[in-house]
>>> print(open('start-v2.txt').read())   # compact mmCIF, C-alpha atoms and all ligand atoms
# COMPACT_ATOMS: atom_id res chain seq x y z
CA MET A 1 -39.88 -36.70 -45.18
CA ILE A 2 -41.35 -40.04 -44.15
CA PRO A 3 -38.98 -41.99 -41.90
CA ALA A 4 -38.01 -45.48 -43.04
CA ILE A 5 -40.83 -47.89 -42.50
CA GLY A 6 -40.32 -51.56 -41.95
CA GLY A 7 -41.59 -53.80 -44.76
CA ALA A 8 -42.27 -57.53 -44.99
CA ASN A 9 -38.66 -58.00 -46.11
CA ARG A 10 -37.20 -56.33 -42.99
CA GLY A 11 -37.44 -58.84 -40.16
CA ARG A 12 -40.87 -59.31 -38.67
CA PHE A 13 -42.08 -55.72 -38.72
CA VAL A 14 -44.87 -55.26 -41.22
CA ALA A 15 -46.00 -51.69 -41.74
CA ARG A 16 -49.66 -50.91 -42.10
CA THR A 17 -51.46 -47.76 -43.22
CA VAL A 18 -54.88 -46.81 -41.91
CA ARG A 19 -56.49 -43.93 -43.78
CA VAL A 20 -59.30 -41.94 -42.13
CA ARG A 21 -61.30 -38.98 -43.33
CA ALA A 22 -63.00 -36.51 -41.03
CA PRO A 23 -65.25 -33.55 -41.91
CA GLY A 24 -64.94 -29.84 -41.26
CA LYS A 25 -67.88 -28.07 -39.63
CA VAL A 26 -70.06 -25.02 -39.86
CA ASN A 27 -71.74 -23.58 -36.77
CA VAL A 28 -75.32 -23.01 -37.86
CA SER A 29 -75.84 -21.20 -34.58
CA LEU A 30 -73.28 -20.11 -32.02
CA ASN A 31 -74.19 -18.32 -28.81
CA VAL A 32 -71.24 -17.34 -26.65
CA GLY A 33 -71.41 -16.60 -22.92
CA PRO A 34 -69.24 -14.20 -20.90
CA LEU A 35 -65.56 -14.90 -20.17
CA ARG A 36 -65.45 -17.44 -17.32
CA PRO A 37 -62.95 -17.28 -14.45
CA ASP A 38 -61.18 -20.32 -15.98
CA GLY A 39 -60.52 -18.33 -19.18
CA TYR A 40 -63.03 -20.29 -21.31
CA HIS A 41 -66.45 -19.29 -22.63
CA SER A 42 -69.58 -21.40 -22.39
CA VAL A 43 -71.27 -21.83 -25.75
CA ALA A 44 -74.53 -23.17 -27.08
CA SER A 45 -74.10 -24.18 -30.68
CA VAL A 46 -75.60 -26.25 -33.46
CA TYR A 47 -72.79 -27.96 -35.37
CA LEU A 48 -73.20 -29.21 -38.91
CA ALA A 49 -70.56 -31.51 -40.46
CA VAL A 50 -70.04 -30.57 -44.11
CA SER A 51 -68.62 -32.37 -47.15
CA LEU A 52 -65.16 -30.85 -46.97
CA TYR A 53 -62.87 -33.47 -45.50
CA GLU A 54 -59.43 -33.76 -44.01
CA GLU A 55 -57.65 -37.09 -44.52
CA VAL A 56 -55.01 -38.63 -42.29
CA ALA A 57 -52.98 -41.67 -43.39
CA ALA A 58 -51.36 -43.22 -40.31
CA THR A 59 -48.49 -45.61 -41.13
CA SER A 60 -46.86 -47.72 -38.43
CA THR A 61 -43.11 -47.29 -38.11
CA GLU A 62 -40.47 -49.07 -36.04
CA GLY A 63 -39.69 -47.50 -32.69
CA THR A 64 -42.04 -45.18 -30.83
CA GLY A 65 -41.64 -41.84 -32.61
CA ILE A 66 -44.41 -39.72 -34.10
CA THR A 67 -43.80 -37.78 -37.32
CA VAL A 68 -46.13 -35.58 -39.35
CA SER A 69 -46.13 -34.41 -42.96
CA ILE A 70 -48.58 -32.63 -45.21
CA ALA A 71 -49.58 -34.54 -48.37
CA PRO A 72 -48.55 -32.82 -51.62
CA SER A 73 -52.08 -33.61 -52.89
CA SER A 74 -53.61 -31.20 -50.34
CA THR A 75 -56.03 -28.96 -52.23
CA LEU A 76 -55.25 -25.93 -50.10
CA ASP A 77 -52.68 -23.39 -51.14
CA LEU A 78 -50.44 -23.72 -48.08
CA ASP A 79 -47.82 -21.18 -49.15
CA GLY A 80 -47.04 -18.97 -46.19
CA VAL A 81 -49.48 -20.90 -43.95
CA ASP A 82 -48.14 -21.85 -40.55
CA ILE A 83 -48.84 -25.49 -39.73
CA PRO A 84 -46.44 -26.85 -37.11
CA LEU A 85 -45.31 -30.41 -37.86
CA ASP A 86 -43.98 -31.13 -34.37
CA GLU A 87 -45.68 -31.79 -31.03
CA ARG A 88 -47.76 -28.61 -31.48
CA ASN A 89 -49.69 -30.21 -34.35
CA LEU A 90 -53.12 -31.41 -33.22
CA ALA A 91 -52.71 -34.69 -35.11
CA TYR A 92 -49.38 -35.29 -33.33
CA LYS A 93 -51.08 -34.60 -29.98
CA ALA A 94 -53.85 -37.05 -30.83
CA ALA A 95 -51.33 -39.79 -31.71
CA ALA A 96 -49.40 -39.10 -28.48
CA ILE A 97 -52.58 -39.50 -26.40
CA MET A 98 -53.42 -42.74 -28.20
CA ARG A 99 -49.88 -44.02 -27.69
CA ASP A 100 -50.28 -43.49 -23.95
CA VAL A 101 -53.41 -45.64 -23.79
CA SER A 102 -52.43 -48.35 -26.31
CA GLU A 103 -50.50 -51.41 -25.19
CA LYS A 104 -49.40 -52.29 -28.72
CA ALA A 105 -48.37 -48.82 -29.86
CA THR A 106 -45.58 -48.57 -32.43
CA GLY A 107 -44.08 -45.49 -34.02
CA VAL A 108 -46.36 -43.73 -36.47
CA HIS A 109 -46.08 -41.40 -39.42
CA LEU A 110 -49.11 -39.18 -40.06
CA GLU A 111 -49.60 -37.80 -43.53
CA ILE A 112 -52.34 -35.14 -43.54
CA THR A 113 -54.22 -34.17 -46.68
CA LYS A 114 -55.45 -30.64 -45.96
CA ARG A 115 -58.64 -29.41 -47.57
CA VAL A 116 -60.30 -27.44 -44.76
CA PRO A 117 -58.99 -23.85 -44.63
CA VAL A 118 -56.29 -23.41 -41.97
CA ALA A 119 -57.37 -21.07 -39.13
CA GLY A 120 -60.64 -20.72 -41.09
CA GLY A 121 -63.18 -21.34 -38.32
CA MET A 122 -64.13 -24.77 -39.72
CA GLY A 123 -62.25 -26.96 -37.29
CA GLY A 124 -59.63 -28.28 -39.74
CA GLY A 125 -57.02 -29.06 -37.10
CA SER A 126 -59.74 -30.62 -34.96
CA ALA A 127 -60.70 -32.87 -37.90
CA ASP A 128 -57.05 -33.96 -38.19
CA ALA A 129 -57.04 -34.82 -34.48
CA ALA A 130 -60.31 -36.78 -34.72
CA ALA A 131 -59.06 -38.68 -37.79
CA THR A 132 -55.78 -39.49 -36.03
CA LEU A 133 -57.52 -40.83 -32.92
CA LEU A 134 -59.56 -43.23 -35.04
CA ALA A 135 -56.61 -44.21 -37.26
CA CYS A 136 -54.28 -44.97 -34.33
CA ASP A 137 -57.05 -46.87 -32.54
CA ALA A 138 -57.28 -49.16 -35.57
CA LEU A 139 -53.52 -49.29 -36.23
CA TRP A 140 -52.70 -50.34 -32.68
CA ASN A 141 -55.83 -52.44 -32.07
CA SER A 142 -56.52 -50.30 -29.01
CA GLY A 143 -60.16 -51.34 -29.03
CA LEU A 144 -61.49 -48.09 -27.56
CA SER A 145 -65.23 -47.47 -27.74
CA ARG A 146 -66.60 -44.38 -29.49
CA GLU A 147 -67.31 -42.95 -26.00
CA GLU A 148 -63.72 -43.49 -24.90
CA LEU A 149 -62.45 -41.89 -28.11
CA ALA A 150 -64.84 -38.94 -27.56
CA HIS A 151 -63.42 -38.51 -24.05
CA LEU A 152 -59.85 -38.34 -25.41
CA ALA A 153 -61.09 -36.01 -28.18
CA ALA A 154 -62.42 -33.52 -25.61
CA GLU A 155 -58.94 -33.38 -24.02
CA LEU A 156 -57.53 -32.29 -27.39
CA GLY A 157 -59.95 -29.43 -28.10
CA ALA A 158 -63.56 -28.32 -27.93
CA ASP A 159 -64.29 -29.08 -31.61
CA VAL A 160 -62.58 -32.49 -31.79
CA PRO A 161 -65.49 -34.57 -30.38
CA PHE A 162 -67.82 -33.17 -33.03
CA SER A 163 -65.55 -34.15 -35.91
CA LEU A 164 -65.59 -37.71 -34.56
CA LEU A 165 -69.37 -37.70 -34.24
CA GLY A 166 -70.34 -35.78 -37.39
CA GLY A 167 -73.92 -35.22 -38.55
CA THR A 168 -75.80 -32.46 -36.76
CA ALA A 169 -75.38 -31.91 -33.04
CA VAL A 170 -76.08 -29.45 -30.27
CA GLY A 171 -72.89 -28.54 -28.39
CA LEU A 172 -72.98 -27.12 -24.87
CA GLY A 173 -70.23 -26.58 -22.28
CA VAL A 174 -67.25 -25.36 -24.29
CA GLY A 175 -68.80 -27.11 -27.31
CA ASP A 176 -67.73 -30.59 -26.31
CA GLU A 177 -70.94 -31.71 -24.58
CA LEU A 178 -72.68 -33.05 -27.65
CA SER A 179 -76.20 -34.29 -28.29
CA PRO A 180 -76.93 -35.57 -31.80
CA ALA A 181 -79.84 -33.79 -33.47
CA LEU A 182 -82.19 -35.02 -36.14
CA ALA A 183 -81.78 -33.38 -39.56
CA LYS A 184 -84.18 -34.67 -42.19
CA ALA A 185 -82.57 -33.37 -45.34
CA GLN A 186 -79.23 -32.11 -46.56
CA MET A 187 -78.64 -28.38 -46.59
CA ASP A 188 -76.57 -26.85 -49.36
CA TRP A 189 -73.93 -24.25 -48.66
CA VAL A 190 -71.24 -22.30 -50.41
CA LEU A 191 -68.06 -21.79 -48.42
CA VAL A 192 -66.12 -18.64 -49.25
CA CYS A 193 -62.57 -19.26 -48.05
CA ALA A 194 -60.23 -16.39 -47.22
CA ASP A 195 -56.54 -16.28 -48.09
CA TYR A 196 -55.75 -15.30 -44.49
CA GLY A 197 -56.58 -16.85 -41.11
CA LEU A 198 -58.04 -15.54 -37.86
CA SER A 199 -56.80 -16.71 -34.48
CA THR A 200 -59.71 -18.21 -32.53
CA PRO A 201 -58.45 -16.86 -29.13
CA GLU A 202 -58.06 -13.39 -30.66
CA VAL A 203 -61.64 -13.45 -31.96
CA PHE A 204 -62.95 -14.41 -28.50
CA HIS A 205 -60.84 -11.65 -26.87
CA THR A 206 -62.23 -9.14 -29.36
CA LEU A 207 -65.80 -10.17 -28.53
CA ASP A 208 -65.06 -9.75 -24.78
CA ARG A 209 -63.59 -6.31 -25.46
CA LEU A 210 -66.59 -5.16 -27.52
CA ARG A 211 -68.98 -6.39 -24.86
CA THR A 212 -67.02 -4.71 -22.04
CA THR A 213 -67.12 -1.40 -23.94
CA GLU A 214 -70.88 -1.73 -24.31
CA GLY A 215 -71.32 -2.67 -20.64
CA LEU A 216 -73.79 -5.39 -21.55
CA ASP A 217 -74.61 -8.16 -19.13
CA ILE A 218 -74.33 -11.37 -21.15
CA PRO A 219 -76.18 -14.44 -19.84
CA GLU A 220 -74.71 -17.94 -19.90
CA PRO A 221 -76.04 -19.68 -23.02
CA LEU A 222 -77.85 -22.79 -21.85
CA GLU A 223 -79.77 -23.91 -24.92
CA VAL A 224 -80.07 -23.33 -28.65
CA ASP A 225 -83.03 -21.70 -30.41
CA ALA A 226 -85.64 -24.41 -31.02
CA LYS A 227 -86.45 -22.83 -34.41
CA ILE A 228 -83.01 -23.80 -35.70
CA LEU A 229 -83.50 -27.44 -34.81
CA GLN A 230 -87.02 -27.31 -36.27
CA ALA A 231 -85.74 -25.92 -39.60
CA LEU A 232 -83.04 -28.62 -39.74
CA ARG A 233 -85.58 -31.34 -38.86
CA ASP A 234 -87.91 -30.10 -41.61
CA GLY A 235 -85.09 -29.69 -44.14
CA ASN A 236 -86.33 -26.13 -44.70
CA PRO A 237 -83.52 -23.79 -45.89
CA ASP A 238 -85.84 -20.74 -46.04
CA ALA A 239 -86.74 -21.13 -42.37
CA LEU A 240 -83.12 -21.84 -41.46
CA SER A 241 -81.90 -18.73 -43.29
CA LYS A 242 -83.96 -16.54 -40.93
CA VAL A 243 -82.48 -17.92 -37.71
CA LEU A 244 -78.75 -18.37 -38.45
CA ILE A 245 -76.78 -16.70 -35.66
CA ASN A 246 -73.14 -16.38 -34.68
CA ASP A 247 -72.18 -14.22 -31.68
CA LEU A 248 -68.54 -14.29 -32.84
CA GLN A 249 -69.37 -12.76 -36.22
CA ARG A 250 -69.15 -9.15 -35.06
CA ALA A 251 -65.72 -9.84 -33.53
CA SER A 252 -64.49 -11.52 -36.72
CA ILE A 253 -65.76 -8.53 -38.74
CA GLU A 254 -64.04 -6.14 -36.31
CA LEU A 255 -60.75 -7.93 -37.08
CA ALA A 256 -61.45 -8.43 -40.81
CA PRO A 257 -64.01 -5.80 -41.98
CA GLN A 258 -63.99 -7.21 -45.53
CA LEU A 259 -66.06 -10.16 -44.23
CA ARG A 260 -69.11 -7.89 -44.20
CA ASP A 261 -68.66 -7.38 -47.96
CA THR A 262 -68.22 -11.10 -48.56
CA ILE A 263 -71.53 -11.84 -46.83
CA GLY A 264 -73.19 -8.95 -48.72
CA ILE A 265 -71.90 -10.14 -52.11
CA GLY A 266 -73.04 -13.69 -51.33
CA GLU A 267 -76.53 -12.55 -50.37
CA SER A 268 -76.88 -10.23 -53.36
CA SER A 269 -75.70 -13.08 -55.61
CA GLY A 270 -78.57 -15.31 -54.52
CA ALA A 271 -77.66 -16.87 -51.16
CA LEU A 272 -80.58 -17.18 -48.74
CA ALA A 273 -78.32 -15.90 -45.96
CA GLY A 274 -74.65 -15.75 -45.06
CA ILE A 275 -72.84 -16.23 -41.78
CA VAL A 276 -69.23 -16.30 -40.60
CA SER A 277 -68.34 -19.90 -39.77
CA GLY A 278 -67.23 -20.22 -36.14
CA SER A 279 -64.44 -17.73 -35.49
CA GLY A 280 -64.01 -17.15 -39.25
CA PRO A 281 -62.84 -15.97 -41.66
CA THR A 282 -64.60 -18.64 -43.79
CA VAL A 283 -68.10 -17.44 -44.73
CA ALA A 284 -70.90 -20.00 -45.12
CA LEU A 285 -73.69 -19.04 -47.54
CA LEU A 286 -76.92 -21.01 -47.42
CA ALA A 287 -78.44 -22.01 -50.78
CA HIS A 288 -81.85 -23.39 -51.78
CA ASN A 289 -80.62 -26.65 -53.30
CA PRO A 290 -77.48 -28.26 -54.79
CA ARG A 291 -77.94 -26.57 -58.18
CA ALA A 292 -78.30 -23.15 -56.60
CA ALA A 293 -75.18 -23.79 -54.52
CA GLU A 294 -73.12 -24.86 -57.57
CA GLY A 295 -74.32 -21.80 -59.52
CA LEU A 296 -73.59 -19.42 -56.65
CA ALA A 297 -70.12 -20.90 -56.13
CA GLU A 298 -69.35 -20.47 -59.83
CA ASP A 299 -70.60 -16.87 -59.87
CA LEU A 300 -68.46 -16.04 -56.83
CA ARG A 301 -65.40 -17.70 -58.39
CA HIS A 302 -65.90 -15.46 -61.44
CA LEU A 303 -65.83 -12.52 -59.04
CA GLY A 304 -62.45 -13.74 -57.79
CA HIS A 305 -63.56 -15.51 -54.60
CA ASN A 306 -62.38 -18.92 -53.50
CA ALA A 307 -65.85 -20.47 -53.29
CA LEU A 308 -66.83 -24.10 -52.90
CA ALA A 309 -70.27 -25.81 -52.87
CA VAL A 310 -70.71 -28.31 -50.03
CA HIS A 311 -73.56 -30.03 -48.21
CA GLY A 312 -74.29 -31.28 -44.74
CA PRO A 313 -74.89 -33.16 -42.59
CA VAL A 314 -72.28 -35.80 -43.42
CA PRO A 315 -70.93 -38.57 -41.14
CA GLY A 316 -68.06 -38.04 -38.71
CA ALA A 317 -64.58 -39.60 -38.87
CA ARG A 318 -64.55 -42.88 -40.86
CA ILE A 319 -61.84 -45.38 -41.86
CA ILE A 320 -61.59 -45.41 -45.65
CA SER A 321 -58.79 -47.96 -46.09
CA ASP A 322 -56.55 -50.26 -44.07
CA THR A 323 -53.55 -51.67 -45.96
CA LEU A 324 -50.55 -53.87 -45.11
CA LEU A 325 -47.46 -52.55 -46.90
P1 LIG B 401 -61.38 -23.89 -34.81
O1 LIG B 401 -62.50 -23.52 -35.71
O2 LIG B 401 -61.47 -25.30 -34.27
O3 LIG B 401 -61.05 -22.89 -33.78
P2 LIG B 401 -59.72 -23.33 -37.05
O4 LIG B 401 -60.34 -24.20 -38.10
O5 LIG B 401 -60.04 -21.89 -37.07
O6 LIG B 401 -60.05 -23.95 -35.66
P3 LIG B 401 -57.24 -24.71 -37.47
O7 LIG B 401 -57.10 -24.83 -38.95
O8 LIG B 401 -57.72 -25.92 -36.76
O9 LIG B 401 -58.17 -23.47 -37.12
O10 LIG B 401 -55.82 -24.27 -36.90
C1 LIG B 401 -55.56 -23.18 -36.07
C2 LIG B 401 -54.05 -23.12 -35.79
O11 LIG B 401 -53.63 -24.33 -35.17
C3 LIG B 401 -53.22 -23.01 -37.06
O12 LIG B 401 -52.94 -21.67 -37.36
C4 LIG B 401 -51.95 -23.81 -36.75
O13 LIG B 401 -50.90 -22.99 -36.33
C5 LIG B 401 -52.32 -24.73 -35.59
N1 LIG B 401 -52.42 -26.17 -35.95
C6 LIG B 401 -52.07 -27.18 -35.16
N2 LIG B 401 -52.32 -28.37 -35.74
C7 LIG B 401 -52.86 -28.11 -36.94
C8 LIG B 401 -53.32 -28.94 -38.01
N3 LIG B 401 -53.28 -30.27 -37.95
N4 LIG B 401 -53.83 -28.32 -39.09
C9 LIG B 401 -53.88 -26.97 -39.14
N5 LIG B 401 -53.43 -26.15 -38.18
C10 LIG B 401 -52.92 -26.70 -37.07
>>> encode(input="start-v2.txt", output="structure tokens")
Amino acid sequence: MIPAIGGANRGRFVARTVRVRAPGKVNVSLNVGPLRPDGYHSVASVYLAVSLYEEVAATSTEGTGITVSIAPSSTLDLDGVDIPLDERNLAYKAAAIMRDVSEKATGVHLEITKRVPVAGGMGGGSADAAATLLACDALWNSGLSREELAHLAAELGADVPFSLLGGTAVGLGVGDELSPALAKAQMDWVLVCADYGLSTPEVFHTLDRLRTTEGLDIPEPLEVDAKILQALRDGNPDALSKVLINDLQRASIELAPQLRDTIGIGESSGALAGIVSGSGPTVALLAHNPRAAEGLAEDLRHLGHNALAVHGPVPGARIISDTLL
């Protein structure tokens, strides 16, 4: 329920809505280091922003409160999905951080249109946070630079800075130390979305457990494979299909063994290669071109999968409208 907003006919408060969209991501490569003493893992990853977007409409309200709702037009089936609407929501946290640094902050209502699978390994909550940072910056005329916003984004989560930046980028540290990478052409993908989620911390714990059992000494990942960046620069899906890598994939499959079948069905239906996206369970299948991706998505839908053709790279968080009410 949206709290009452002030209109032009209620004193001097004029409500305004800033609408921002921000993309979900696929990790084209993801190398994960050993568990660090601080409880985090270092990663070396190539992020690709894809054409599946979250949207946040931030509307100023009287007072200082922050409220969150999910738009009925969300394309996801959110039945039984747990999205907190209080201070645990990443969009709420982003608005609270912006309120702290904005002199002219008002109250705000955030309406989120969800399209990126929840707990799907595509950074949907992170996209909501990135969109909210940008929306509140505009709503409250905070005037923060992209660098300042990226700094706040990193406080909210490792994947939030990338959703702000978009495009293609190498991520080091915990994924938040980003360097934009050149990608000549769009790559076409089919996302196979699961009707269940995987907890990112649980996937990391599972990887640690598997590695401990094997007694392997895992090095800190310091760089990404140059062949991946080369394939992206050349716009060469065949070359890219041979070097896709995700260290978390085996842990996701340990927790959800059916993911192995999903990748297998995708590859036998014509995908160049398939990979679990981030911590999963969304599977990203690489296709030759847009037509191949559309055809593959349709074939998989006929087989009962929730499949969607997308492309990337696409830009990061962008304002799409700014309206006085
Ligand atoms: P990542 O790939 O960044 O680890 P994810 O895409 O796998 O994340 P999210 O959809 O971002 O996962 O959400 C993970 C959990 O975070 C959800 O299960 C939910 O309880 C909580 N959450 C908090 N804020 C949000 C939000 N705005 N949208 C969705 N989930 C949220």
>>> residues_near_ligand(input="start-v2.txt", ligand="ligand LIG 401 (chain B)", cutoff="10 Å", atoms="all atoms listed in the file", output="NGL selection string")
:A and (24-27 or 54 or 56 or 68-70 or 81-94 or 112-129 or 132 or 157-160 or 163 or 196-201 or 203 or 277-282)
>>> atom_distance(input="start-v2.txt", atom1="CA of Pro315 in chain A", atom2="CA of Gly166 in chain A")
4.7 Å
>>> residues_around(input="start-v2.txt", residues="Ile275 in chain A", least_positions_apart="4", cutoff="7 Å", atoms="all atoms listed in the file", output="ChimeraX atom specification")
/A:263,283-285
>>> closest_residue(input="start-v2.txt", among="A:Val20, A:Ala251, A:Val310, A:Val32", to="Val192 in chain A", atoms="all atoms listed in the file")
A:Val310
>>> atom_distance(input="start-v2.txt", atom1="CA of Gln230 in chain A", atom2="CA of Trp189 in chain A")
18.3 Å
>>> atom_distance(input="start-v2.txt", atom1="CA of Pro34 in chain A", atom2="CA of Glu223 in chain A")
14.9 Å
>>> closest_residue(input="start-v2.txt", among="A:Leu210, A:Val108, A:Leu259, A:Met98", to="Thr61 in chain A", atoms="all atoms listed in the file")
A:Val108
>>> closest_residue(input="start-v2.txt", among="A:Thr59, A:Thr206, A:Ser269, A:Asn289", to="Arg250 in chain A", atoms="all atoms listed in the file")
A:Thr206
>>> residues_around(input="start-v2.txt", residues="His288 in chain A", least_positions_apart="6", cutoff="8 Å", atoms="only C-alpha atoms", output="NGL selection string")
:A and (187-188 or 237-238 or 271-272)
>>> closest_residue(input="start-v2.txt", among="A:Gly312, A:Gly215, A:Pro290, A:Gly171", to="Tyr53 in chain A", atoms="only C-alpha atoms")
A:Gly312
>>> residues_around(input="start-v2.txt", residues="Val174 in chain A", least_positions_apart="4", cutoff="7 Å", atoms="all atoms listed in the file", output="list of chain:residue names")
A:His41, A:Ser42, A:Val43, A:Ala158
>>> closest_residue(input="start-v2.txt", among="A:Ser29, A:Ser268, A:Thr323, A:Thr75", to="Asp299 in chain A", atoms="all atoms listed in the file")
A:Ser268
>>> residues_around(input="start-v2.txt", residues="range 239-245 of chain A", least_positions_apart="4", cutoff="9 Å", atoms="all atoms listed in the file", output="list in words")
Asn27, Val28, Ser29, Leu30, Asn31, Asp225, Lys227, Ile228, Leu229, Gln230, Ala231, Leu232, Gly235, Gln249, Leu272, Ala273, Gly274, Ile275, Leu286 and Ala287 of chain A
>>> write_last_selection(input="start-v2.txt", atoms="C-alpha atoms", output="compact mmCIF listing (two decimals), in the frame of the given file")
# COMPACT_ATOMS: atom_id res chain seq x y z
CA ASN A 27 -71.74 -23.58 -36.77
CA VAL A 28 -75.32 -23.01 -37.86
CA SER A 29 -75.84 -21.20 -34.58
CA LEU A 30 -73.28 -20.11 -32.02
CA ASN A 31 -74.19 -18.32 -28.81
CA ASP A 225 -83.03 -21.70 -30.41
CA LYS A 227 -86.45 -22.83 -34.41
CA ILE A 228 -83.01 -23.80 -35.70
CA LEU A 229 -83.50 -27.44 -34.81
CA GLN A 230 -87.02 -27.31 -36.27
CA ALA A 231 -85.74 -25.92 -39.60
CA LEU A 232 -83.04 -28.62 -39.74
CA GLY A 235 -85.09 -29.69 -44.14
CA GLN A 249 -69.37 -12.76 -36.22
CA LEU A 272 -80.58 -17.18 -48.74
CA ALA A 273 -78.32 -15.90 -45.96
CA GLY A 274 -74.65 -15.75 -45.06
CA ILE A 275 -72.84 -16.23 -41.78
CA LEU A 286 -76.92 -21.01 -47.42
CA ALA A 287 -78.44 -22.01 -50.78
>>> residues_around(input="start-v2.txt", residues="Ala138 in chain A", least_positions_apart="4", cutoff="10 Å", atoms="only C-alpha atoms", output="PDB file with C-alpha atoms, in the coordinates of the input")
ATOM      1  CA  THR A  17     -51.460 -47.760 -43.220  1.00  0.00           C
ATOM      2  CA  VAL A  18     -54.880 -46.810 -41.910  1.00  0.00           C
ATOM      3  CA  ARG A  19     -56.490 -43.930 -43.780  1.00  0.00           C
ATOM      4  CA  VAL A  20     -59.300 -41.940 -42.130  1.00  0.00           C
ATOM      5  CA  ALA A  58     -51.360 -43.220 -40.310  1.00  0.00           C
ATOM      6  CA  THR A 132     -55.780 -39.490 -36.030  1.00  0.00           C
ATOM      7  CA  LEU A 133     -57.520 -40.830 -32.920  1.00  0.00           C
ATOM      8  CA  LEU A 134     -59.560 -43.230 -35.040  1.00  0.00           C
ATOM      9  CA  SER A 142     -56.520 -50.300 -29.010  1.00  0.00           C
ATOM     10  CA  GLY A 143     -60.160 -51.340 -29.030  1.00  0.00           C
ATOM     11  CA  LEU A 144     -61.490 -48.090 -27.560  1.00  0.00           C
ATOM     12  CA  ILE A 319     -61.840 -45.380 -41.860  1.00  0.00           C
ATOM     13  CA  ASP A 322     -56.550 -50.260 -44.070  1.00  0.00           C
TER      14      ASP A 322
END
>>> closest_residue(input="start-v2.txt", among="A:Leu35, A:Ile97, A:Val314, A:Ala44", to="Ala183 in chain A", atoms="all atoms listed in the file")
A:Val314
>>> residues_near_point(input="start-v2.txt", point="(-77.2, -36.0, -39.2)", cutoff="7 Å", atoms="only C-alpha atoms", output="number ranges by chain")
A: 167-168, 181-183, 313-314
